[in-house]
file data.csv (CSV, C-alpha atoms and all ligand atoms)
chain,number,residue,atom,x,y,z
A,244,MET,CA,-18.3,30.8,39.8
A,245,LYS,CA,-20.6,28.0,38.8
A,246,ILE,CA,-23.7,29.3,37.0
A,247,ILE,CA,-26.7,27.7,35.3
A,248,PHE,CA,-28.7,29.4,32.6
A,249,LEU,CA,-32.3,28.3,32.5
A,250,GLY,CA,-34.9,29.5,30.0
A,251,ALA,CA,-37.1,28.4,27.1
A,252,PRO,CA,-35.5,27.6,23.8
A,253,GLY,CA,-34.7,30.9,22.1
A,254,ALA,CA,-34.9,32.9,25.3
A,255,GLY,CA,-31.3,34.0,24.8
A,256,LYS,CA,-29.5,31.8,27.3
A,257,GLY,CA,-26.7,30.9,24.9
A,258,THR,CA,-26.0,34.5,23.9
A,259,GLN,CA,-26.0,35.7,27.5
A,260,ALA,CA,-23.9,32.7,28.6
A,261,ALA,CA,-21.3,33.5,26.0
A,262,ILE,CA,-21.0,37.1,27.3
A,263,VAL,CA,-20.8,36.2,31.0
A,264,SER,CA,-18.4,33.5,30.2
A,265,GLN,CA,-16.0,36.0,28.6
A,266,LYS,CA,-16.4,38.5,31.4
A,267,LEU,CA,-15.6,35.9,34.1
A,268,SER,CA,-13.1,34.0,32.0
A,269,ILE,CA,-14.8,30.7,32.6
A,270,PRO,CA,-15.9,28.3,29.9
A,271,THR,CA,-19.5,27.8,28.8
A,272,ILE,CA,-20.7,24.3,28.5
A,273,SER,CA,-23.6,24.1,26.1
A,274,THR,CA,-25.0,20.6,26.0
A,275,GLY,CA,-27.0,21.5,22.8
A,276,GLU,CA,-23.8,22.5,21.0
A,277,ILE,CA,-21.9,19.4,22.2
A,278,ILE,CA,-24.8,17.2,21.0
A,279,ARG,CA,-25.1,18.9,17.7
A,280,GLU,CA,-21.4,18.4,17.2
A,281,SER,CA,-21.8,14.7,18.0
A,282,VAL,CA,-24.5,14.5,15.4
A,283,ARG,CA,-22.2,16.1,12.8
A,284,ASN,CA,-19.4,13.7,13.7
A,285,GLU,CA,-21.8,10.7,13.7
A,286,THR,CA,-20.6,9.5,17.1
A,287,PRO,CA,-22.7,6.9,19.0
A,288,LEU,CA,-24.3,9.8,21.1
A,289,GLY,CA,-24.9,11.7,17.8
A,290,LYS,CA,-26.7,8.8,16.3
A,291,THR,CA,-29.0,8.4,19.2
A,292,ALA,CA,-29.6,12.2,19.4
A,293,LYS,CA,-30.2,13.1,15.8
A,294,GLU,CA,-33.8,12.1,15.5
A,295,LEU,CA,-34.7,13.3,19.0
A,296,ILE,CA,-33.3,16.7,18.3
A,297,GLU,CA,-35.1,17.0,15.0
A,298,LYS,CA,-38.4,16.2,16.7
A,299,GLY,CA,-37.8,18.7,19.5
A,300,GLU,CA,-37.4,16.0,22.1
A,301,LEU,CA,-34.8,15.6,24.8
A,302,VAL,CA,-31.8,13.3,24.6
A,303,PRO,CA,-31.9,10.6,27.4
A,304,ASP,CA,-30.8,11.8,30.8
A,305,ASN,CA,-28.1,9.2,31.3
A,306,LEU,CA,-26.3,10.2,28.1
A,307,VAL,CA,-26.3,13.9,28.8
A,308,ILE,CA,-25.3,13.4,32.5
A,309,GLU,CA,-22.2,11.4,31.4
A,310,LEU,CA,-21.3,14.0,28.9
A,311,VAL,CA,-21.5,16.8,31.5
A,312,ARG,CA,-19.7,14.7,34.1
A,313,ASN,CA,-16.7,14.3,31.7
A,314,ARG,CA,-16.7,17.9,30.5
A,315,ILE,CA,-16.7,19.5,34.0
A,316,SER,CA,-13.9,17.2,35.1
A,317,GLN,CA,-11.5,18.9,32.6
A,318,ASP,CA,-8.9,21.3,33.6
A,319,ASP,CA,-10.4,24.5,32.3
A,320,CYS,CA,-13.4,24.0,34.6
A,321,LYS,CA,-11.3,24.3,37.8
A,322,ASN,CA,-12.3,27.9,38.4
A,323,GLY,CA,-15.9,27.5,37.5
A,324,PHE,CA,-18.1,27.2,34.4
A,325,ILE,CA,-21.4,28.1,33.0
A,326,LEU,CA,-24.0,25.5,32.1
A,327,ASP,CA,-26.2,26.4,29.1
A,328,GLY,CA,-29.0,23.9,28.5
A,329,PHE,CA,-28.2,21.6,31.4
A,330,PRO,CA,-29.8,20.6,33.6
A,331,ARG,CA,-33.1,20.3,31.7
A,332,THR,CA,-34.9,17.7,33.9
A,333,ILE,CA,-35.1,17.2,37.7
A,334,GLU,CA,-33.2,14.0,37.2
A,335,GLN,CA,-30.3,15.9,35.6
A,336,ALA,CA,-30.3,18.5,38.4
A,337,LYS,CA,-30.1,15.7,41.0
A,338,ALA,CA,-27.3,14.1,39.2
A,339,LEU,CA,-25.4,17.4,39.1
A,340,SER,CA,-25.8,17.8,42.8
A,341,GLU,CA,-24.6,14.2,43.3
A,342,MET,CA,-21.5,15.0,41.3
A,343,GLY,CA,-20.8,17.4,44.2
A,344,VAL,CA,-21.2,20.5,42.1
A,345,ASP,CA,-22.1,23.5,44.2
A,346,ILE,CA,-23.9,26.0,42.0
A,347,ASP,CA,-23.7,29.7,42.9
A,348,ALA,CA,-26.6,31.0,40.9
A,349,VAL,CA,-29.3,29.9,38.5
A,350,VAL,CA,-30.2,32.6,36.0
A,351,ASN,CA,-33.7,32.1,34.7
A,352,ILE,CA,-34.3,34.1,31.5
A,353,PHE,CA,-38.0,34.7,31.1
A,354,VAL,CA,-39.5,35.3,27.6
A,355,SER,CA,-43.2,34.6,26.8
A,356,ASP,CA,-44.1,31.8,24.4
A,357,ALA,CA,-45.6,34.2,22.0
A,358,ASP,CA,-42.4,36.3,21.9
A,359,ILE,CA,-40.3,33.2,21.5
A,360,ILE,CA,-42.3,32.0,18.5
A,361,ARG,CA,-42.0,35.5,17.0
A,362,ARG,CA,-38.3,35.6,17.5
A,363,MET,CA,-37.3,32.2,16.4
A,364,GLY,CA,-37.9,32.9,12.8
A,365,GLY,CA,-35.0,35.3,12.8
A,366,ARG,CA,-32.5,33.1,14.5
A,367,ARG,CA,-29.3,32.3,12.6
A,368,THR,CA,-26.4,30.2,13.6
A,369,CYS,CA,-22.9,29.5,12.3
A,370,SER,CA,-22.4,25.7,11.9
A,371,LYS,CA,-18.6,26.2,12.0
A,372,CYS,CA,-17.9,28.2,15.2
A,373,SER,CA,-21.4,28.0,16.8
A,374,ALA,CA,-21.9,31.8,17.0
A,375,THR,CA,-25.5,32.8,17.1
A,376,TYR,CA,-27.3,35.8,15.6
A,377,HIS,CA,-30.7,37.3,15.0
A,378,THR,CA,-31.6,39.1,11.8
A,379,LEU,CA,-33.3,41.9,13.8
A,380,TYR,CA,-31.9,41.8,17.3
A,381,ASN,CA,-28.4,40.7,16.9
A,382,PRO,CA,-27.4,40.8,13.2
A,383,SER,CA,-24.0,39.8,11.9
A,384,ALA,CA,-21.8,42.6,10.8
A,385,LYS,CA,-21.2,40.5,7.7
A,386,GLY,CA,-24.8,40.1,6.8
A,387,GLU,CA,-25.5,36.5,5.7
A,388,CYS,CA,-22.1,35.3,6.9
A,389,CYS,CA,-20.6,34.8,10.3
A,390,GLU,CA,-18.7,37.9,11.5
A,391,LYS,CA,-16.3,35.7,13.5
A,392,CYS,CA,-15.3,33.1,10.9
A,393,GLY,CA,-17.0,34.1,7.6
A,394,GLU,CA,-19.0,30.9,7.2
A,395,LYS,CA,-22.5,31.2,5.6
A,396,LEU,CA,-25.1,31.4,8.4
A,397,SER,CA,-27.9,28.9,8.5
A,398,VAL,CA,-31.2,28.2,10.3
A,399,ARG,CA,-31.0,25.3,12.7
A,400,ALA,CA,-33.0,22.3,11.6
A,401,ASP,CA,-35.0,22.3,14.9
A,402,ASP,CA,-35.9,26.0,14.6
A,403,SER,CA,-38.8,25.4,12.3
A,404,PRO,CA,-42.1,26.7,13.7
A,405,GLU,CA,-43.6,23.2,14.4
A,406,THR,CA,-40.5,22.0,16.2
A,407,VAL,CA,-40.3,25.2,18.2
A,408,LYS,CA,-43.8,24.6,19.5
A,409,LYS,CA,-42.9,21.1,20.4
A,410,ARG,CA,-39.7,22.3,22.2
A,411,LEU,CA,-41.7,24.8,24.2
A,412,GLU,CA,-44.1,22.1,25.2
A,413,VAL,CA,-41.2,19.9,26.3
A,414,TYR,CA,-39.7,22.9,28.1
A,415,HIS,CA,-42.8,23.6,30.2
A,416,ARG,CA,-43.4,20.0,31.0
A,417,GLN,CA,-39.8,18.8,31.8
A,418,THR,CA,-37.6,21.8,32.4
A,419,GLN,CA,-39.7,24.5,34.0
A,420,PRO,CA,-40.1,22.4,37.3
A,421,LEU,CA,-36.4,23.3,37.8
A,422,GLU,CA,-37.5,26.9,38.6
A,423,ASP,CA,-39.1,25.6,41.8
A,424,TYR,CA,-36.3,23.2,42.5
A,425,TYR,CA,-33.6,25.9,42.5
A,426,ASN,CA,-35.9,28.5,44.0
A,427,ASP,CA,-36.4,26.2,47.0
A,428,LEU,CA,-32.6,26.0,47.3
A,429,GLY,CA,-32.4,29.8,47.3
A,430,LYS,CA,-30.4,29.9,44.0
A,431,LEU,CA,-32.9,31.2,41.4
A,432,VAL,CA,-32.7,34.7,40.0
A,433,THR,CA,-35.1,35.6,37.2
A,434,VAL,CA,-34.2,38.0,34.5
A,435,VAL,CA,-36.9,39.2,32.1
A,436,GLY,CA,-35.5,38.9,28.6
A,437,GLN,CA,-35.6,42.3,26.8
A,438,GLU,CA,-35.9,43.2,23.2
A,439,LYS,CA,-32.4,44.5,23.2
A,440,LEU,CA,-29.7,42.0,23.9
A,441,GLU,CA,-27.5,44.4,25.8
A,442,ASP,CA,-30.4,45.3,28.1
A,443,THR,CA,-30.8,41.6,29.0
A,444,THR,CA,-27.0,41.5,29.6
A,445,ARG,CA,-27.1,44.4,32.0
A,446,LEU,CA,-30.0,42.8,34.0
A,447,THR,CA,-28.1,39.5,34.0
A,448,LEU,CA,-24.9,41.0,35.3
A,449,GLU,CA,-26.9,42.9,38.0
A,450,ALA,CA,-28.6,39.6,39.0
A,451,LEU,CA,-25.2,37.9,39.3
A,452,LYS,CA,-23.7,40.9,41.1
A,453,VAL,CA,-20.9,41.1,38.5
A,454,ASN,CA,-19.7,44.6,37.6
A,455,ASP,CA,-20.3,45.7,34.1
A,501,LIG,P1,-32.4,25.6,22.8
A,501,LIG,O1,-32.0,26.1,24.2
A,501,LIG,O2,-32.4,26.7,21.8
A,501,LIG,O3,-33.6,24.7,22.9
A,501,LIG,P2,-30.1,23.8,22.8
A,501,LIG,O4,-29.0,24.0,21.8
A,501,LIG,O5,-29.8,24.0,24.2
A,501,LIG,O6,-31.3,24.6,22.3
A,501,LIG,O7,-30.6,22.2,22.6
A,501,LIG,C1,-31.0,21.7,21.4
A,501,LIG,C2,-31.5,20.3,21.6
A,501,LIG,O8,-30.4,19.4,22.2
A,501,LIG,C3,-32.6,20.1,22.6
A,501,LIG,O9,-33.9,20.3,22.0
A,501,LIG,C4,-32.4,18.6,23.0
A,501,LIG,O10,-32.9,17.7,22.0
A,501,LIG,C5,-30.9,18.5,23.1
A,501,LIG,N1,-30.4,18.8,24.4
A,501,LIG,C6,-29.6,19.8,24.8
A,501,LIG,N2,-29.4,19.8,26.1
A,501,LIG,C7,-30.0,18.8,26.6
A,501,LIG,C8,-30.2,18.2,27.9
A,501,LIG,N3,-29.6,18.8,29.0
A,501,LIG,N4,-30.9,17.1,28.1
A,501,LIG,C9,-31.5,16.5,27.1
A,501,LIG,N5,-31.4,17.0,25.8
A,501,LIG,C10,-30.7,18.1,25.6
A,502,ZN,ZN,-18.6,31.3,12.6
call {"tool": "encode", "arguments": {"input": "data.csv", "output": "structure tokens", "more": "lines below"}}
Ligand code: ADP
Ligand code: ZN
result
Amino acid sequence: MKIIFLGAPGAGKGTQAAIVSQKLSIPTISTGEIIRESVRNETPLGKTAKELIEKGELVPDNLVIELVRNRISQDDCKNGFILDGFPRTIEQAKALSEMGVDIDAVVNIFVSDADIIRRMGGRRTCSKCSATYHTLYNPSAKGECCEKCGEKLSVRADDSPETVKKRLEVYHRQTQPLEDYYNDLGKLVTVVGQEKLEDTTRLTLEALKVND
């Protein structure tokens, strides 16, 4: 299957994508993660992206499109993949379609802006293995450390309240038009994000018609 997860920053796309990815044994491609890794490794892409990410703005379409084009041509994507955080603009969606990628479903996880702003304060991530947690909704069994690899958890630089507001504004302006785009293609399924992560997972699997 080829699946896209759509949703505002902090709506829980990444978490749900990781679960579905394991269930279907297909890789998740998170453009945000790949870009953050490029920033850490100071690659040319990382150098362009650093300031933009910190301001809550998008990385230029052409760079992200090339990154995805390369990634999905790799062997592990043969049987399908999940896209988390791509496409984020109509331009990117068109490029994906021009790559000949036939998407099965677009899962749109809906969470209100007020809830997102409330939730983001509790978000924690592992800079080593990219696992994500939430102090209230999805705490690590190892408290302040990653339960998978033991690394000390941190708050992402772009999760500060001001940057979150900016990212929401960017989301509504540049990414939300994709809801209509994929709805017109008959691919959009909307899942209302729940307080409990496993409730959102159940609704997501139902929407994808994948057995729990
Ligand atoms: P979230 O979904 O929580 O906003 P991501 O990890 O998906 O976070 O993305 C973090 C940042 O990486 C974005 O704010 C943006 O600057 C950049 N980014 C990720 N994916 C894309 C994309 N498809 N196009 C442009 N920029 C992107
Ligand atoms: Zn970890």
call {"tool": "residues_near_ligand", "arguments": {"input": "data.csv", "ligand": "ligand LIG 501 (chain A)", "cutoff": "6 Å", "atoms": "only C-alpha atoms and all ligand atoms", "output": "compact mmCIF listing (two decimals) with C-alpha atoms, in the frame of the given file"}}
result
# COMPACT_ATOMS: atom_id res chain seq x y z
CA PRO A 252 -35.50 27.60 23.80
CA GLY A 253 -34.70 30.90 22.10
CA THR A 274 -25.00 20.60 26.00
CA GLY A 275 -27.00 21.50 22.80
CA GLU A 276 -23.80 22.50 21.00
CA LEU A 295 -34.70 13.30 19.00
CA ILE A 296 -33.30 16.70 18.30
CA GLY A 299 -37.80 18.70 19.50
CA GLU A 300 -37.40 16.00 22.10
CA LEU A 301 -34.80 15.60 24.80
CA VAL A 302 -31.80 13.30 24.60
CA PRO A 303 -31.90 10.60 27.40
CA ASP A 304 -30.80 11.80 30.80
CA VAL A 307 -26.30 13.90 28.80
CA GLY A 328 -29.00 23.90 28.50
CA PHE A 329 -28.20 21.60 31.40
CA PRO A 330 -29.80 20.60 33.60
CA ARG A 331 -33.10 20.30 31.70
call {"tool": "residues_around", "arguments": {"input": "data.csv", "residues": "His377 of chain A", "least_positions_apart": "6", "cutoff": "10 Å", "atoms": "all atoms listed in the file", "output": "number ranges by chain"}}
result
A: 362-368, 383
call {"tool": "atom_distance", "arguments": {"input": "data.csv", "atom1": "atom CA of Ile246 of chain A", "atom2": "atom CA of Ile325 of chain A"}}
result
4.8 Å
call {"tool": "residues_around", "arguments": {"input": "data.csv", "residues": "Ile359 of chain A", "least_positions_apart": "5", "cutoff": "9 Å", "atoms": "all atoms listed in the file", "output": "list in words"}}
result
Ala251, Pro252, Gly253, Ala254, Val354, Val407 and Leu411 of chain A
call {"tool": "residues_near_ligand", "arguments": {"input": "data.csv", "ligand": "ligand ZN 502 (chain A)", "cutoff": "12 Å", "atoms": "all atoms listed in the file", "output": "PyMOL selection string"}}
result
chain A and resi 367-376+383-385+387-397
call {"tool": "residues_near_point", "arguments": {"input": "data.csv", "point": "(-16.3, 16.9, 36.1)", "cutoff": "12 Å", "atoms": "all atoms listed in the file", "output": "list in words"}}
result
Ile272, Ile308, Glu309, Leu310, Val311, Arg312, Asn313, Arg314, Ile315, Ser316, Gln317, Asp318, Asp319, Cys320, Lys321, Asn322, Gly323, Phe324, Ala338, Leu339, Ser340, Glu341, Met342, Gly343, Val344 and Asp345 of chain A
call {"tool": "write_last_selection", "arguments": {"input": "data.csv", "atoms": "C-alpha atoms", "output": "PDB file, in the frame of the given file"}}
result
ATOM      1  CA  ILE A 272     -20.700  24.300  28.500  1.00  0.00           C
ATOM      2  CA  ILE A 308     -25.300  13.400  32.500  1.00  0.00           C
ATOM      3  CA  GLU A 309     -22.200  11.400  31.400  1.00  0.00           C
ATOM      4  CA  LEU A 310     -21.300  14.000  28.900  1.00  0.00           C
ATOM      5  CA  VAL A 311     -21.500  16.800  31.500  1.00  0.00           C
ATOM      6  CA  ARG A 312     -19.700  14.700  34.100  1.00  0.00           C
ATOM      7  CA  ASN A 313     -16.700  14.300  31.700  1.00  0.00           C
ATOM      8  CA  ARG A 314     -16.700  17.900  30.500  1.00  0.00           C
ATOM      9  CA  ILE A 315     -16.700  19.500  34.000  1.00  0.00           C
ATOM     10  CA  SER A 316     -13.900  17.200  35.100  1.00  0.00           C
ATOM     11  CA  GLN A 317     -11.500  18.900  32.600  1.00  0.00           C
ATOM     12  CA  ASP A 318      -8.900  21.300  33.600  1.00  0.00           C
ATOM     13  CA  ASP A 319     -10.400  24.500  32.300  1.00  0.00           C
ATOM     14  CA  CYS A 320     -13.400  24.000  34.600  1.00  0.00           C
ATOM     15  CA  LYS A 321     -11.300  24.300  37.800  1.00  0.00           C
ATOM     16  CA  ASN A 322     -12.300  27.900  38.400  1.00  0.00           C
ATOM     17  CA  GLY A 323     -15.900  27.500  37.500  1.00  0.00           C
ATOM     18  CA  PHE A 324     -18.100  27.200  34.400  1.00  0.00           C
ATOM     19  CA  ALA A 338     -27.300  14.100  39.200  1.00  0.00           C
ATOM     20  CA  LEU A 339     -25.400  17.400  39.100  1.00  0.00           C
ATOM     21  CA  SER A 340     -25.800  17.800  42.800  1.00  0.00           C
ATOM     22  CA  GLU A 341     -24.600  14.200  43.300  1.00  0.00           C
ATOM     23  CA  MET A 342     -21.500  15.000  41.300  1.00  0.00           C
ATOM     24  CA  GLY A 343     -20.800  17.400  44.200  1.00  0.00           C
ATOM     25  CA  VAL A 344     -21.200  20.500  42.100  1.00  0.00           C
ATOM     26  CA  ASP A 345     -22.100  23.500  44.200  1.00  0.00           C
TER      27      ASP A 345
END
call {"tool": "atom_distance", "arguments": {"input": "data.csv", "atom1": "atom CA of Leu446 of chain A", "atom2": "atom CA of Lys408 of chain A"}}
result
27.1 Å
call {"tool": "atom_distance", "arguments": {"input": "data.csv", "atom1": "atom CA of Asp347 of chain A", "atom2": "atom CA of Gly255 of chain A"}}
result
20.1 Å
call {"tool": "residues_around", "arguments": {"input": "data.csv", "residues": "Asn351 of chain A", "least_positions_apart": "6", "cutoff": "8 Å", "atoms": "only C-alpha atoms", "output": "list in words"}}
result
Phe248, Leu249, Gly250, Glu422, Leu431, Val432, Thr433 and Val434 of chain A
call {"tool": "decode", "arguments": {"input": "data.csv", "residues": "segment 302-339 of chain A", "atoms": "N, CA and C atoms", "output": "compact mmCIF listing (two decimals), in the first residue's frame"}}
result
# COMPACT_ATOMS: atom_id res chain seq x y z
N VAL A 302 10.67 24.07 3.66
CA VAL A 302 11.88 23.95 2.85
C VAL A 302 11.41 24.00 1.38
N PRO A 303 12.21 24.60 0.46
CA PRO A 303 11.75 24.75 -0.93
C PRO A 303 11.30 23.42 -1.56
N ASP A 304 10.21 23.50 -2.32
CA ASP A 304 9.62 22.32 -2.95
C ASP A 304 10.64 21.47 -3.71
N ASN A 305 11.47 22.12 -4.55
CA ASN A 305 12.36 21.32 -5.41
C ASN A 305 13.30 20.43 -4.60
N LEU A 306 13.75 20.93 -3.45
CA LEU A 306 14.67 20.13 -2.62
C LEU A 306 13.95 18.92 -2.02
N VAL A 307 12.76 19.16 -1.50
CA VAL A 307 12.02 18.07 -0.85
C VAL A 307 11.56 17.05 -1.89
N ILE A 308 11.17 17.53 -3.05
CA ILE A 308 10.70 16.63 -4.12
C ILE A 308 11.84 15.68 -4.54
N GLU A 309 13.04 16.21 -4.70
CA GLU A 309 14.19 15.37 -5.09
C GLU A 309 14.51 14.35 -4.00
N LEU A 310 14.41 14.80 -2.77
CA LEU A 310 14.68 13.91 -1.64
C LEU A 310 13.71 12.73 -1.65
N VAL A 311 12.43 13.01 -1.89
CA VAL A 311 11.42 11.94 -1.89
C VAL A 311 11.60 11.06 -3.12
N ARG A 312 11.89 11.67 -4.24
CA ARG A 312 12.08 10.89 -5.47
C ARG A 312 13.19 9.84 -5.25
N ASN A 313 14.29 10.26 -4.66
CA ASN A 313 15.39 9.32 -4.39
C ASN A 313 14.98 8.25 -3.40
N ARG A 314 14.33 8.69 -2.34
CA ARG A 314 14.00 7.74 -1.26
C ARG A 314 13.05 6.64 -1.74
N ILE A 315 12.02 7.02 -2.50
CA ILE A 315 11.02 6.00 -2.89
C ILE A 315 11.53 5.10 -4.01
N SER A 316 12.66 5.45 -4.61
CA SER A 316 13.20 4.57 -5.65
C SER A 316 14.04 3.45 -5.03
N GLN A 317 14.24 3.51 -3.71
CA GLN A 317 15.03 2.46 -3.06
C GLN A 317 14.23 1.17 -2.91
N ASP A 318 15.00 0.10 -2.77
CA ASP A 318 14.45 -1.25 -2.77
C ASP A 318 13.35 -1.52 -1.75
N ASP A 319 13.53 -0.98 -0.54
CA ASP A 319 12.56 -1.28 0.53
C ASP A 319 11.20 -0.64 0.28
N CYS A 320 11.08 0.19 -0.75
CA CYS A 320 9.79 0.84 -1.04
C CYS A 320 8.98 0.08 -2.10
N LYS A 321 9.54 -1.04 -2.56
CA LYS A 321 8.89 -1.81 -3.64
C LYS A 321 7.45 -2.19 -3.32
N ASN A 322 7.21 -2.61 -2.07
CA ASN A 322 5.86 -3.08 -1.71
C ASN A 322 4.98 -1.99 -1.11
N GLY A 323 5.44 -0.78 -1.20
CA GLY A 323 4.65 0.31 -0.67
C GLY A 323 5.41 1.10 0.38
N PHE A 324 4.80 2.19 0.82
CA PHE A 324 5.44 3.07 1.82
C PHE A 324 4.41 4.04 2.36
N ILE A 325 4.79 4.64 3.47
CA ILE A 325 3.94 5.67 4.07
C ILE A 325 4.68 6.99 4.00
N LEU A 326 4.01 8.01 3.54
CA LEU A 326 4.62 9.33 3.50
C LEU A 326 4.08 10.15 4.67
N ASP A 327 5.00 10.60 5.53
CA ASP A 327 4.63 11.39 6.70
C ASP A 327 5.26 12.77 6.53
N GLY A 328 4.41 13.76 6.25
CA GLY A 328 4.93 15.12 6.09
C GLY A 328 5.23 15.49 4.65
N PHE A 329 4.83 14.66 3.73
CA PHE A 329 4.95 14.94 2.30
C PHE A 329 3.77 14.30 1.60
N PRO A 330 3.14 14.93 0.64
CA PRO A 330 3.34 16.31 0.20
C PRO A 330 2.78 17.31 1.20
N ARG A 331 3.34 18.52 1.14
CA ARG A 331 2.91 19.60 2.02
C ARG A 331 2.45 20.81 1.22
N THR A 332 2.57 20.73 -0.09
CA THR A 332 2.07 21.81 -0.96
C THR A 332 1.45 21.13 -2.18
N ILE A 333 0.61 21.88 -2.88
CA ILE A 333 -0.01 21.34 -4.11
C ILE A 333 1.09 20.99 -5.12
N GLU A 334 2.10 21.84 -5.19
CA GLU A 334 3.24 21.61 -6.07
C GLU A 334 3.88 20.23 -5.81
N GLN A 335 4.06 19.91 -4.54
CA GLN A 335 4.65 18.62 -4.16
C GLN A 335 3.71 17.47 -4.53
N ALA A 336 2.42 17.67 -4.34
CA ALA A 336 1.44 16.61 -4.68
C ALA A 336 1.47 16.33 -6.17
N LYS A 337 1.56 17.40 -6.95
CA LYS A 337 1.61 17.23 -8.41
C LYS A 337 2.87 16.50 -8.82
N ALA A 338 3.99 16.84 -8.18
CA ALA A 338 5.26 16.19 -8.50
C ALA A 338 5.18 14.70 -8.17
N LEU A 339 4.54 14.37 -7.07
CA LEU A 339 4.40 12.97 -6.66
C LEU A 339 3.60 12.21 -7.71
